[in-house]
file entry05.txt (compact mmCIF, C-alpha atoms and all ligand atoms)
# COMPACT_ATOMS: atom_id res chain seq x y z
CA MET A 24 0.00 0.00 0.00
CA PRO A 25 1.53 3.35 -0.98
CA LEU A 26 1.75 6.09 1.65
CA LEU A 27 -0.35 8.38 -0.51
CA GLU A 28 -2.50 7.50 -3.47
CA VAL A 29 -4.21 10.20 -5.50
CA LYS A 30 -6.90 8.56 -7.61
CA ASN A 31 -8.82 10.18 -10.46
CA LEU A 32 -8.73 13.57 -8.75
CA LYS A 33 -10.74 16.39 -10.30
CA THR A 34 -10.56 19.92 -8.92
CA TYR A 35 -12.38 22.66 -10.79
CA PHE A 36 -12.73 26.43 -10.35
CA TYR A 37 -16.24 27.74 -10.87
CA THR A 38 -15.52 31.19 -12.27
CA TYR A 39 -17.90 33.64 -13.94
CA ARG A 40 -16.14 32.90 -17.25
CA GLY A 41 -16.85 29.19 -16.92
CA VAL A 42 -15.50 26.07 -15.22
CA VAL A 43 -11.69 25.91 -15.10
CA LYS A 44 -10.74 22.22 -15.15
CA ALA A 45 -7.48 22.80 -13.32
CA VAL A 46 -6.98 19.19 -12.20
CA ASP A 47 -8.81 16.76 -14.42
CA ASP A 48 -8.54 13.08 -13.59
CA VAL A 49 -5.10 13.02 -12.01
CA SER A 50 -3.67 9.86 -10.41
CA PHE A 51 -0.31 9.10 -8.85
CA GLU A 52 1.26 7.31 -5.91
CA LEU A 53 3.86 8.24 -3.37
CA GLU A 54 5.75 5.63 -1.37
CA LYS A 55 7.35 6.16 2.01
CA GLY A 56 10.70 7.95 1.77
CA GLU A 57 10.23 8.80 -1.89
CA VAL A 58 10.44 12.13 -3.74
CA LEU A 59 7.92 12.67 -6.51
CA GLY A 60 8.66 15.53 -8.86
CA LEU A 61 5.57 17.14 -10.37
CA VAL A 62 6.59 19.13 -13.40
CA GLY A 63 4.87 21.16 -16.08
CA GLU A 64 4.43 24.67 -17.48
CA SER A 65 2.86 27.44 -15.43
CA GLY A 66 -0.92 27.10 -15.17
CA CYS A 67 -1.09 23.33 -15.77
CA GLY A 68 -2.57 22.60 -12.34
CA LYS A 69 0.43 21.74 -10.15
CA SER A 70 -0.44 24.05 -7.23
CA THR A 71 -4.12 23.11 -7.42
CA THR A 72 -3.12 19.45 -7.10
CA ALA A 73 -1.06 20.31 -4.01
CA TYR A 74 -3.82 22.40 -2.43
CA SER A 75 -6.28 19.58 -3.06
CA ILE A 76 -4.12 17.13 -1.09
CA ILE A 77 -4.29 19.29 2.04
CA LYS A 78 -7.83 20.43 1.23
CA LEU A 79 -6.99 24.10 0.97
CA VAL A 80 -8.27 24.73 -2.55
CA PRO A 81 -9.19 28.43 -2.59
CA PRO A 82 -12.70 29.42 -3.67
CA PRO A 83 -14.21 29.27 -6.25
CA GLY A 84 -12.33 25.98 -6.46
CA LYS A 85 -13.73 22.62 -5.39
CA ILE A 86 -12.67 19.00 -5.42
CA VAL A 87 -15.41 17.49 -7.55
CA ASP A 88 -14.33 13.86 -7.78
CA GLY A 89 -11.69 11.32 -6.89
CA HIS A 90 -9.87 10.04 -3.83
CA ILE A 91 -6.81 11.07 -1.87
CA LEU A 92 -5.92 7.99 0.13
CA LEU A 93 -3.45 8.38 2.96
CA SER A 94 -2.12 5.24 4.56
CA ASN A 95 -2.85 5.10 8.25
CA GLY A 96 -1.03 2.06 9.60
CA ASP A 97 -3.37 -0.80 8.77
CA GLY A 98 -5.85 1.11 6.61
CA THR A 99 -6.29 4.30 4.64
CA ILE A 100 -8.16 7.55 5.13
CA ASP A 101 -9.70 9.34 2.18
CA ILE A 102 -8.81 13.00 2.68
CA VAL A 103 -11.47 14.02 0.15
CA LYS A 104 -14.14 12.62 2.46
CA LEU A 105 -12.87 14.24 5.67
CA LYS A 106 -14.53 17.31 7.14
CA ASP A 107 -12.43 20.48 7.16
CA SER A 108 -12.17 20.32 10.95
CA GLU A 109 -10.79 16.77 10.73
CA VAL A 110 -8.23 17.73 8.09
CA ARG A 111 -7.11 20.60 10.32
CA ARG A 112 -6.90 18.36 13.39
CA LYS A 113 -5.46 15.17 11.94
CA ILE A 114 -3.80 15.82 8.60
CA ARG A 115 -2.34 19.26 8.02
CA TRP A 116 1.05 19.83 9.68
CA LYS A 117 0.96 16.45 11.46
CA ARG A 118 0.79 14.11 8.48
CA ILE A 119 1.20 16.42 5.48
CA SER A 120 2.69 19.90 5.46
CA MET A 121 3.27 22.28 2.61
CA ILE A 122 5.79 24.95 1.72
CA PHE A 123 3.77 27.31 -0.44
CA GLN A 124 4.79 28.98 -3.64
CA GLY A 125 5.99 32.47 -2.66
CA ALA A 126 5.92 31.54 1.05
CA MET A 127 9.01 33.67 1.62
CA ASN A 128 6.95 36.83 1.51
CA ALA A 129 4.35 35.50 3.90
CA LEU A 130 6.20 36.09 7.19
CA ASN A 131 4.52 38.74 9.30
CA PRO A 132 6.89 41.75 9.39
CA VAL A 133 5.88 42.87 12.88
CA TYR A 134 6.57 39.61 14.76
CA THR A 135 9.87 37.90 15.42
CA VAL A 136 10.66 34.69 13.59
CA GLY A 137 10.50 32.81 16.89
CA ARG A 138 7.03 34.06 17.73
CA GLN A 139 5.74 32.98 14.31
CA ILE A 140 7.18 29.49 14.57
CA ILE A 141 5.94 29.12 18.16
CA GLU A 142 2.41 30.23 17.23
CA ALA A 143 2.28 27.75 14.40
CA ILE A 144 3.46 24.91 16.65
CA VAL A 145 1.11 25.77 19.53
CA GLU A 146 -1.85 26.04 17.18
CA HIS A 147 -1.27 22.60 15.68
CA SER A 148 -0.09 20.58 18.69
CA ASP A 149 -0.44 20.24 22.47
CA MET A 150 2.96 21.79 23.12
CA SER A 151 3.26 24.64 25.62
CA LYS A 152 4.89 27.92 24.54
CA GLU A 153 8.09 26.98 26.38
CA GLU A 154 8.28 23.60 24.65
CA ALA A 155 7.50 25.24 21.33
CA LEU A 156 10.35 27.73 21.82
CA GLU A 157 12.78 24.88 22.40
CA ARG A 158 11.41 23.07 19.36
CA ALA A 159 11.71 26.28 17.30
CA LYS A 160 15.41 26.60 18.17
CA GLU A 161 16.01 22.94 17.37
CA LEU A 162 14.25 23.37 14.03
CA LEU A 163 16.27 26.46 13.11
CA GLU A 164 19.44 24.51 13.75
CA LEU A 165 18.15 21.63 11.66
CA VAL A 166 17.72 23.94 8.67
CA GLY A 167 21.16 25.49 9.09
CA LEU A 168 20.26 28.69 10.95
CA GLU A 169 21.42 29.98 14.35
CA PRO A 170 18.92 29.13 17.12
CA ASP A 171 19.26 32.79 18.13
CA MET A 172 17.43 33.70 14.98
CA VAL A 173 14.20 33.32 17.00
CA LYS A 174 14.77 36.91 18.14
CA ARG A 175 15.12 38.35 14.66
CA TYR A 176 12.51 40.10 12.53
CA PRO A 177 11.74 39.01 8.95
CA HIS A 178 13.32 42.14 7.40
CA GLU A 179 16.65 41.16 8.96
CA LEU A 180 16.66 37.89 6.99
CA SER A 181 17.75 37.19 3.42
CA GLY A 182 15.40 35.43 1.00
CA GLY A 183 17.21 32.13 1.51
CA GLN A 184 17.01 32.46 5.30
CA LYS A 185 13.28 33.17 5.14
CA GLN A 186 12.78 30.10 3.01
CA ARG A 187 14.71 28.07 5.62
CA VAL A 188 12.32 29.38 8.29
CA PHE A 189 9.39 28.05 6.26
CA ILE A 190 11.09 24.71 5.82
CA ALA A 191 11.61 24.62 9.60
CA MET A 192 7.92 25.33 10.17
CA ALA A 193 6.86 22.64 7.71
CA LEU A 194 8.95 20.11 9.64
CA ALA A 195 7.77 21.23 13.08
CA LEU A 196 5.44 18.30 13.76
CA ASN A 197 7.39 15.60 11.94
CA PRO A 198 5.01 15.12 9.03
CA ASP A 199 5.21 12.01 6.84
CA ILE A 200 4.86 14.06 3.67
CA VAL A 201 6.13 17.53 2.80
CA ILE A 202 4.81 19.21 -0.33
CA CYS A 203 7.21 21.83 -1.71
CA ASP A 204 5.56 24.11 -4.25
CA GLU A 205 8.25 25.88 -6.30
CA PRO A 206 10.25 26.50 -3.11
CA THR A 207 13.24 28.00 -4.90
CA THR A 208 11.71 29.86 -7.81
CA ALA A 209 12.14 33.36 -6.35
CA LEU A 210 15.73 32.78 -5.23
CA ASP A 211 18.97 33.39 -7.09
CA VAL A 212 20.76 30.36 -8.48
CA VAL A 213 23.35 29.96 -5.71
CA VAL A 214 20.78 30.17 -2.91
CA GLN A 215 18.48 27.92 -4.94
CA ALA A 216 21.16 25.21 -4.98
CA GLN A 217 21.70 25.60 -1.21
CA ILE A 218 17.99 25.19 -0.51
CA ILE A 219 17.73 22.14 -2.77
CA ASN A 220 20.70 20.58 -1.01
CA LEU A 221 19.14 21.34 2.36
CA LEU A 222 15.83 19.74 1.33
CA LYS A 223 17.68 16.72 -0.02
CA ARG A 224 19.63 16.29 3.20
CA LEU A 225 16.53 16.68 5.38
CA GLN A 226 14.52 14.30 3.23
CA HIS A 227 17.27 11.73 3.61
CA GLU A 228 17.88 12.21 7.33
CA LEU A 229 14.22 12.33 8.31
CA LYS A 230 13.18 9.69 5.74
CA MET A 231 10.36 11.95 4.63
CA SER A 232 8.27 11.55 1.56
CA MET A 233 8.10 14.60 -0.61
CA ILE A 234 6.12 16.00 -3.49
CA PHE A 235 8.33 18.51 -5.19
CA ILE A 236 6.61 20.88 -7.59
CA THR A 237 8.49 22.91 -10.16
CA HIS A 238 8.49 24.01 -13.78
CA ASP A 239 12.28 23.61 -13.76
CA LEU A 240 13.55 20.26 -15.04
CA SER A 241 17.07 20.76 -13.71
CA VAL A 242 15.66 21.12 -10.19
CA ILE A 243 13.61 17.94 -10.62
CA SER A 244 16.64 16.01 -11.81
CA ALA A 245 18.53 17.09 -8.67
CA ILE A 246 15.99 15.87 -6.17
CA ALA A 247 13.29 13.52 -7.48
CA ASP A 248 13.17 9.72 -7.51
CA LYS A 249 10.23 9.67 -9.85
CA VAL A 250 8.47 12.16 -12.06
CA ALA A 251 4.94 13.01 -13.12
CA VAL A 252 4.64 15.35 -16.09
CA MET A 253 1.53 17.50 -16.10
CA TYR A 254 -0.04 19.21 -19.09
CA ALA A 255 -3.28 21.20 -19.08
CA GLY A 256 -4.74 19.64 -15.95
CA LYS A 257 -3.66 16.08 -16.72
CA ILE A 258 -0.70 13.85 -16.04
CA VAL A 259 0.61 12.83 -19.44
CA GLU A 260 3.56 10.69 -18.38
CA ARG A 261 5.05 9.22 -15.25
CA GLY A 262 7.86 6.94 -14.28
CA SER A 263 11.22 6.87 -12.54
CA LEU A 264 13.38 9.97 -13.00
CA LYS A 265 15.94 7.95 -14.87
CA GLU A 266 13.48 6.43 -17.33
CA VAL A 267 11.50 9.59 -18.01
CA PHE A 268 14.62 11.70 -18.51
CA SER A 269 16.58 9.20 -20.58
CA GLU A 270 13.68 7.91 -22.65
CA PRO A 271 10.70 10.27 -22.58
CA TYR A 272 7.69 8.81 -24.39
CA HIS A 273 5.16 11.62 -24.54
CA PRO A 274 5.81 14.27 -27.22
CA TYR A 275 5.25 16.96 -24.57
CA THR A 276 7.89 15.48 -22.24
CA GLN A 277 10.21 15.15 -25.22
CA GLY A 278 9.65 18.83 -26.00
CA LEU A 279 10.20 19.91 -22.41
CA LEU A 280 13.50 18.06 -22.25
CA LYS A 281 14.66 19.53 -25.57
CA SER A 282 13.93 23.04 -24.30
CA VAL A 283 16.55 22.73 -21.54
CA PRO A 284 19.79 24.43 -22.64
CA LYS A 285 22.78 22.07 -22.84
CA ILE A 286 26.25 23.25 -21.92
CA LYS A 287 27.79 21.50 -24.93
CA ASN A 288 25.60 23.02 -27.63
CA PRO A 289 23.45 25.76 -26.13
CA GLU A 290 22.23 26.84 -29.58
CA LYS A 291 20.28 23.57 -29.86
CA ILE A 292 17.38 24.61 -27.64
CA ILE A 293 14.09 23.72 -29.27
CA TRP A 294 10.98 25.34 -27.86
CA ILE A 295 7.56 23.75 -27.97
CA PRO A 296 5.54 25.95 -30.35
CA GLY A 297 2.30 27.56 -29.20
CA LEU A 298 0.85 28.12 -25.75
CA PRO A 299 -0.85 25.89 -23.18
CA PRO A 300 -4.62 25.85 -23.68
CA ASP A 301 -7.35 27.65 -21.79
CA LEU A 302 -8.61 25.19 -19.19
CA ILE A 303 -12.20 26.38 -19.55
CA ASN A 304 -12.37 25.14 -23.13
CA PRO A 305 -9.46 22.75 -23.59
CA PRO A 306 -8.94 21.27 -27.07
CA LYS A 307 -11.00 18.20 -27.91
CA GLY A 308 -9.18 14.86 -27.93
CA CYS A 309 -5.59 15.08 -26.74
CA ARG A 310 -5.16 18.46 -25.09
CA PHE A 311 -1.66 18.70 -26.52
CA HIS A 312 -2.68 18.11 -30.16
CA PRO A 313 -2.54 21.77 -31.35
CA ARG A 314 1.15 21.86 -30.35
CA CYS A 315 2.13 18.32 -31.23
CA SER A 316 4.17 17.65 -34.37
CA ARG A 317 3.06 14.02 -34.37
CA ALA A 318 -0.69 14.61 -34.04
CA MET A 319 -2.91 12.16 -35.95
CA ASP A 320 -6.65 12.26 -36.76
CA ILE A 321 -7.58 10.29 -33.65
CA CYS A 322 -5.71 12.83 -31.47
CA ARG A 323 -8.15 15.59 -32.49
CA GLU A 324 -11.16 13.43 -31.71
CA LYS A 325 -10.54 11.12 -28.77
CA GLU A 326 -8.73 11.70 -25.54
CA PRO A 327 -5.87 9.22 -25.05
CA PRO A 328 -6.26 7.23 -21.82
CA ILE A 329 -3.24 6.91 -19.56
CA VAL A 330 -1.90 3.39 -20.05
CA SER A 331 0.78 1.30 -18.39
CA ILE A 332 3.71 0.62 -20.70
CA GLY A 333 6.11 -0.98 -18.27
CA LYS A 334 6.72 -1.30 -14.56
CA ASN A 335 5.58 1.95 -12.93
CA ARG A 336 5.67 3.61 -16.31
CA TYR A 337 2.59 5.35 -17.71
CA VAL A 338 1.83 7.51 -20.73
CA ALA A 339 -1.27 9.14 -22.19
CA CYS A 340 -0.68 9.33 -25.94
CA TRP A 341 -2.16 7.56 -28.96
CA LEU A 342 1.32 6.63 -30.17
CA TYR A 343 1.54 3.98 -27.43
CA LYS A 344 -0.46 0.89 -26.57
CA GLU A 345 -0.90 -0.73 -23.17
CA GLY A 346 2.06 -3.01 -22.41
N1 LIG B 1 -8.34 30.91 -7.38
C1 LIG B 1 -8.48 30.60 -8.67
N2 LIG B 1 -9.58 30.98 -9.36
C2 LIG B 1 -9.76 30.65 -10.64
N3 LIG B 1 -8.89 29.93 -11.37
C3 LIG B 1 -7.77 29.52 -10.75
C4 LIG B 1 -7.51 29.83 -9.38
N4 LIG B 1 -6.31 29.30 -9.04
C5 LIG B 1 -5.85 28.68 -10.15
N5 LIG B 1 -6.72 28.81 -11.17
C6 LIG B 1 -6.57 28.27 -12.55
O1 LIG B 1 -6.31 26.89 -12.47
C7 LIG B 1 -5.33 26.51 -13.42
C8 LIG B 1 -4.19 25.82 -12.72
O2 LIG B 1 -3.52 26.74 -11.89
P1 LIG B 1 -2.34 26.30 -10.90
O3 LIG B 1 -2.76 25.08 -10.18
O4 LIG B 1 -1.99 27.48 -10.09
O5 LIG B 1 -1.17 25.94 -11.93
P2 LIG B 1 0.41 25.83 -11.71
O6 LIG B 1 0.67 25.71 -10.23
O7 LIG B 1 0.79 24.61 -12.48
O8 LIG B 1 1.02 27.05 -12.29
C9 LIG B 1 -4.95 27.78 -14.16
O9 LIG B 1 -5.69 27.82 -15.35
C10 LIG B 1 -5.36 28.88 -13.22
O10 LIG B 1 -5.70 30.04 -13.94
S1 LIG B 2 -2.03 11.74 -28.44
FE1 LIG B 2 -1.50 12.55 -30.45
S2 LIG B 2 -1.48 14.78 -30.19
FE2 LIG B 2 -1.42 13.86 -28.17
S3 LIG B 2 0.74 13.78 -27.69
FE3 LIG B 2 0.21 11.79 -28.57
S4 LIG B 2 0.64 12.02 -30.75
FE4 LIG B 2 0.61 14.09 -29.91
MG MG B 3 1.83 26.92 -9.02
call {"tool": "encode", "arguments": {"input": "entry05.txt", "output": "C-alpha cells"}}
result
Amino acid sequence: MPLLEVKNLKTYFYTYRGVVKAVDDVSFELEKGEVLGLVGESGCGKSTTAYSIIKLVPPPGKIVDGHILLSNGDGTIDIVKLKDSEVRRKIRWKRISMIFQGAMNALNPVYTVGRQIIEAIVEHSDMSKEEALERAKELLELVGLEPDMVKRYPHELSGGQKQRVFIAMALALNPDIVICDEPTTALDVVVQAQIINLLKRLQHELKMSMIFITHDLSVISAIADKVAVMYAGKIVERGSLKEVFSEPYHPYTQGLLKSVPKIKNPEKIIWIPGLPPDLINPPKGCRFHPRCSRAMDICREKEPPIVSIGKNRYVACWLYKEG
C-alpha cells in the first residue's frame, strides 16, 4: 500500500467565465521515503493538485471527484471525504505539510521569527509555549540557521534564510509528507542550490516523503526519484526519473527536455511551439494536439487514456499501446 495515493482527482474552479478544469482526472502514488517531482508549465494545475491534497483549494475551487488515500497504519483515510475540521486536526502539519509557492513573503513583518514558529506549533499541537520555543530553536538549527534567529525580525533575513524558516515550520510536527511548491523559484541560483541541497539532506535524514513541484527540469533532476509530467490539468507521463529523462515517451515530455539548454551546444534549444490551452475550453481529444508535431486524426477526436507501458511507467498518448 503506498503512503499516498491520489486517484482520479478532479478539482475545478467555478468562475464567472466558466468552469476551469485545473486538475482533471489526475492519479499518482507516493511511497514512504520517496520524492515525486511534479513538473509542467505554469498554469497546468500543479499548485491546485497540491492544495487539493491538504484540502486548501481556494474558492471558487472545489474537489469534484476522486480520492486522496493516505495510509494510516493498517488502513487508509480518504482525505477528500474528511470534514475540514478533521483535516485541520489530523492531517495538516501532522501528516502532510506544505511549503507554499511564494511563502518567503508571507512572514509577518511585525513579529519575530520565533514568535511565528511558536504560534504555528502551539496552534497545531499540544505543546506549551516553552516547549514550542525549544522546538523552534532545534528546528532552526536543523535547517542550518542559528537558534538565536528566533529573536530576529523578517526584514533582517535574506530570501534564503526566510525560506529556511518556512522549511523549519513545515517540519515542526514531523510530518510524513512535505509538499514543496516551487520552493526556490524566487531565489537566485546559488541560494536555490543551497535550498535544494538542504531539502535533499533533510529528506534523507528524516526519511520523509516529498512531493516537489516545479516548472524547472534541472531542479527535478537534482531531487526527485520519480516524475509526473503534467499538461493542461492532466498527467501525461510518469515513471522513474531515470526512465522519463533518458527515454521520454510523450511528445510533450520530449519537447520539455529539448527546451533545456545544454552546456555543450546551447544553440540547440528547441521550444515547444504555441501556448498551453485555456482550461475552460481545452482542445477536444488530446489536449496537446494543437502543439504536437506528431498529431494524428484520432488525437483531435478522442482523448488518449493513460496506459501502463512498463513497470511503474505510464503515458497518455495515442502513439503507445498498453504493455
Ligand atoms: N483561485 C483561482 N480561481 C480561478 N482559477 C484559478 C484559481 N487558481 C488557479 N486557477 C486556474 O487553475 C489553473 C491551474 O492553476 P495552478 O494550479 O496554479 O497551476 P500551476 O501551479 O501549475 O502554475 C490555471 O488555469 C489557473 O488560472
Ligand atoms: S495523443 Fe496525439 S497529439 Fe497527443 S501527444 Fe500523442 S501524438 Fe501528440
Ligand atoms: Mg503553481
call {"tool": "axis_aligned_box", "arguments": {"input": "entry05.txt", "around": "ligand LIG 1 (chain B)", "padding_each_side": "8 Å", "output": "AutoDock Vina command-line options"}}
result
--center_x -4.4 --center_y 27.8 --center_z -11.4 --size_x 26.8 --size_y 22.4 --size_z 24.0
call {"tool": "residues_around", "arguments": {"input": "entry05.txt", "residues": "Lys223 (chain A)", "least_positions_apart": "3", "cutoff": "12 Å", "atoms": "all atoms listed in the file", "output": "VMD selection string"}}
result
chain A and resid 56 to 58 166 190 201 203 216 to 220 226 to 233 235 242 to 248
call {"tool": "residues_near_ligand", "arguments": {"input": "entry05.txt", "ligand": "ligand LIG 1 (chain B)", "cutoff": "9 Å", "atoms": "only C-alpha atoms and all ligand atoms", "output": "number ranges by chain"}}
result
A: 34-38, 42-46, 62-74, 80-84, 124, 204-205, 236-238, 253-256, 300-303
call {"tool": "write_last_selection", "arguments": {"input": "entry05.txt", "atoms": "C-alpha atoms", "output": "JSON list (two decimals), in the frame of the given file"}}
result
[["chain", "number", "residue", "atom", "x", "y", "z"],
["A", 34, "THR", "CA", -10.56, 19.92, -8.92],
["A", 35, "TYR", "CA", -12.38, 22.66, -10.79],
["A", 36, "PHE", "CA", -12.73, 26.43, -10.35],
["A", 37, "TYR", "CA", -16.24, 27.74, -10.87],
["A", 38, "THR", "CA", -15.52, 31.19, -12.27],
["A", 42, "VAL", "CA", -15.50, 26.07, -15.22],
["A", 43, "VAL", "CA", -11.69, 25.91, -15.10],
["A", 44, "LYS", "CA", -10.74, 22.22, -15.15],
["A", 45, "ALA", "CA", -7.48, 22.80, -13.32],
["A", 46, "VAL", "CA", -6.98, 19.19, -12.20],
["A", 62, "VAL", "CA", 6.59, 19.13, -13.40],
["A", 63, "GLY", "CA", 4.87, 21.16, -16.08],
["A", 64, "GLU", "CA", 4.43, 24.67, -17.48],
["A", 65, "SER", "CA", 2.86, 27.44, -15.43],
["A", 66, "GLY", "CA", -0.92, 27.10, -15.17],
["A", 67, "CYS", "CA", -1.09, 23.33, -15.77],
["A", 68, "GLY", "CA", -2.57, 22.60, -12.34],
["A", 69, "LYS", "CA", 0.43, 21.74, -10.15],
["A", 70, "SER", "CA", -0.44, 24.05, -7.23],
["A", 71, "THR", "CA", -4.12, 23.11, -7.42],
["A", 72, "THR", "CA", -3.12, 19.45, -7.10],
["A", 73, "ALA", "CA", -1.06, 20.31, -4.01],
["A", 74, "TYR", "CA", -3.82, 22.40, -2.43],
["A", 80, "VAL", "CA", -8.27, 24.73, -2.55],
["A", 81, "PRO", "CA", -9.19, 28.43, -2.59],
["A", 82, "PRO", "CA", -12.70, 29.42, -3.67],
["A", 83, "PRO", "CA", -14.21, 29.27, -6.25],
["A", 84, "GLY", "CA", -12.33, 25.98, -6.46],
["A", 124, "GLN", "CA", 4.79, 28.98, -3.64],
["A", 204, "ASP", "CA", 5.56, 24.11, -4.25],
["A", 205, "GLU", "CA", 8.25, 25.88, -6.30],
["A", 236, "ILE", "CA", 6.61, 20.88, -7.59],
["A", 237, "THR", "CA", 8.49, 22.91, -10.16],
["A", 238, "HIS", "CA", 8.49, 24.01, -13.78],
["A", 253, "MET", "CA", 1.53, 17.50, -16.10],
["A", 254, "TYR", "CA", -0.04, 19.21, -19.09],
["A", 255, "ALA", "CA", -3.28, 21.20, -19.08],
["A", 256, "GLY", "CA", -4.74, 19.64, -15.95],
["A", 300, "PRO", "CA", -4.62, 25.85, -23.68],
["A", 301, "ASP", "CA", -7.35, 27.65, -21.79],
["A", 302, "LEU", "CA", -8.61, 25.19, -19.19],
["A", 303, "ILE", "CA", -12.20, 26.38, -19.55]]
call {"tool": "residues_near_ligand", "arguments": {"input": "entry05.txt", "ligand": "ligand LIG 2 (chain B)", "cutoff": "10 Å", "atoms": "only C-alpha atoms and all ligand atoms", "output": "count of residues only"}}
result
34
call {"tool": "closest_residue", "arguments": {"input": "entry05.txt", "among": "A:Ala143, A:Ile77, A:Leu180, A:Ile202", "to": "Leu156 (chain A)", "atoms": "all atoms listed in the file"}}
result
A:Ala143
call {"tool": "closest_residue", "arguments": {"input": "entry05.txt", "among": "A:Ile122, A:Ile102, A:Leu194, A:Ile86", "to": "ligand MG 3 (chain B)", "atoms": "all atoms listed in the file"}}
result
A:Ile122
call {"tool": "closest_residue", "arguments": {"input": "entry05.txt", "among": "A:Ser181, A:Asp239, A:Trp116, A:Gly333", "to": "ligand MG 3 (chain B)", "atoms": "only C-alpha atoms and all ligand atoms"}}
result
A:Asp239
call {"tool": "closest_residue", "arguments": {"input": "entry05.txt", "among": "A:Val283, A:Val188, A:Ala195, A:Leu240", "to": "Ala129 (chain A)", "atoms": "all atoms listed in the file"}}
result
A:Val188
call {"tool": "closest_residue", "arguments": {"input": "entry05.txt", "among": "A:Ala126, A:Ile91, A:Ile114, A:Leu32", "to": "ligand MG 3 (chain B)", "atoms": "only C-alpha atoms and all ligand atoms"}}
result
A:Ala126
call {"tool": "closest_residue", "arguments": {"input": "entry05.txt", "among": "A:Gln184, A:Arg115, A:Gly137, A:Pro206", "to": "ligand MG 3 (chain B)", "atoms": "only C-alpha atoms and all ligand atoms"}}
result
A:Pro206
call {"tool": "atom_distance", "arguments": {"input": "entry05.txt", "atom1": "CA of Ile293 (chain A)", "atom2": "atom MG of ligand MG 3 (chain B)"}}
result
23.9 Å
call {"tool": "atom_distance", "arguments": {"input": "entry05.txt", "atom1": "CA of Arg138 (chain A)", "atom2": "CA of Val173 (chain A)"}}
result
7.2 Å
call {"tool": "decode", "arguments": {"input": "entry05.txt", "residues": "region 51-69 of chain A", "atoms": "C-alpha atoms", "output": "PDB file, in the first residue's frame"}}
result
ATOM      1  CA  PHE A  51      -0.307   9.100  -8.853  1.00  0.00           C
ATOM      2  CA  GLU A  52       1.256   7.311  -5.910  1.00  0.00           C
ATOM      3  CA  LEU A  53       3.860   8.244  -3.368  1.00  0.00           C
ATOM      4  CA  GLU A  54       5.747   5.627  -1.368  1.00  0.00           C
ATOM      5  CA  LYS A  55       7.349   6.156   2.010  1.00  0.00           C
ATOM      6  CA  GLY A  56      10.698   7.949   1.774  1.00  0.00           C
ATOM      7  CA  GLU A  57      10.227   8.797  -1.893  1.00  0.00           C
ATOM      8  CA  VAL A  58      10.444  12.127  -3.736  1.00  0.00           C
ATOM      9  CA  LEU A  59       7.923  12.666  -6.511  1.00  0.00           C
ATOM     10  CA  GLY A  60       8.663  15.532  -8.864  1.00  0.00           C
ATOM     11  CA  LEU A  61       5.570  17.135 -10.369  1.00  0.00           C
ATOM     12  CA  VAL A  62       6.588  19.130 -13.399  1.00  0.00           C
ATOM     13  CA  GLY A  63       4.868  21.164 -16.076  1.00  0.00           C
ATOM     14  CA  GLU A  64       4.435  24.672 -17.476  1.00  0.00           C
ATOM     15  CA  SER A  65       2.861  27.437 -15.426  1.00  0.00           C
ATOM     16  CA  GLY A  66      -0.923  27.103 -15.172  1.00  0.00           C
ATOM     17  CA  CYS A  67      -1.086  23.332 -15.773  1.00  0.00           C
ATOM     18  CA  GLY A  68      -2.572  22.599 -12.338  1.00  0.00           C
ATOM     19  CA  LYS A  69       0.426  21.743 -10.146  1.00  0.00           C
TER      20      LYS A  69
END
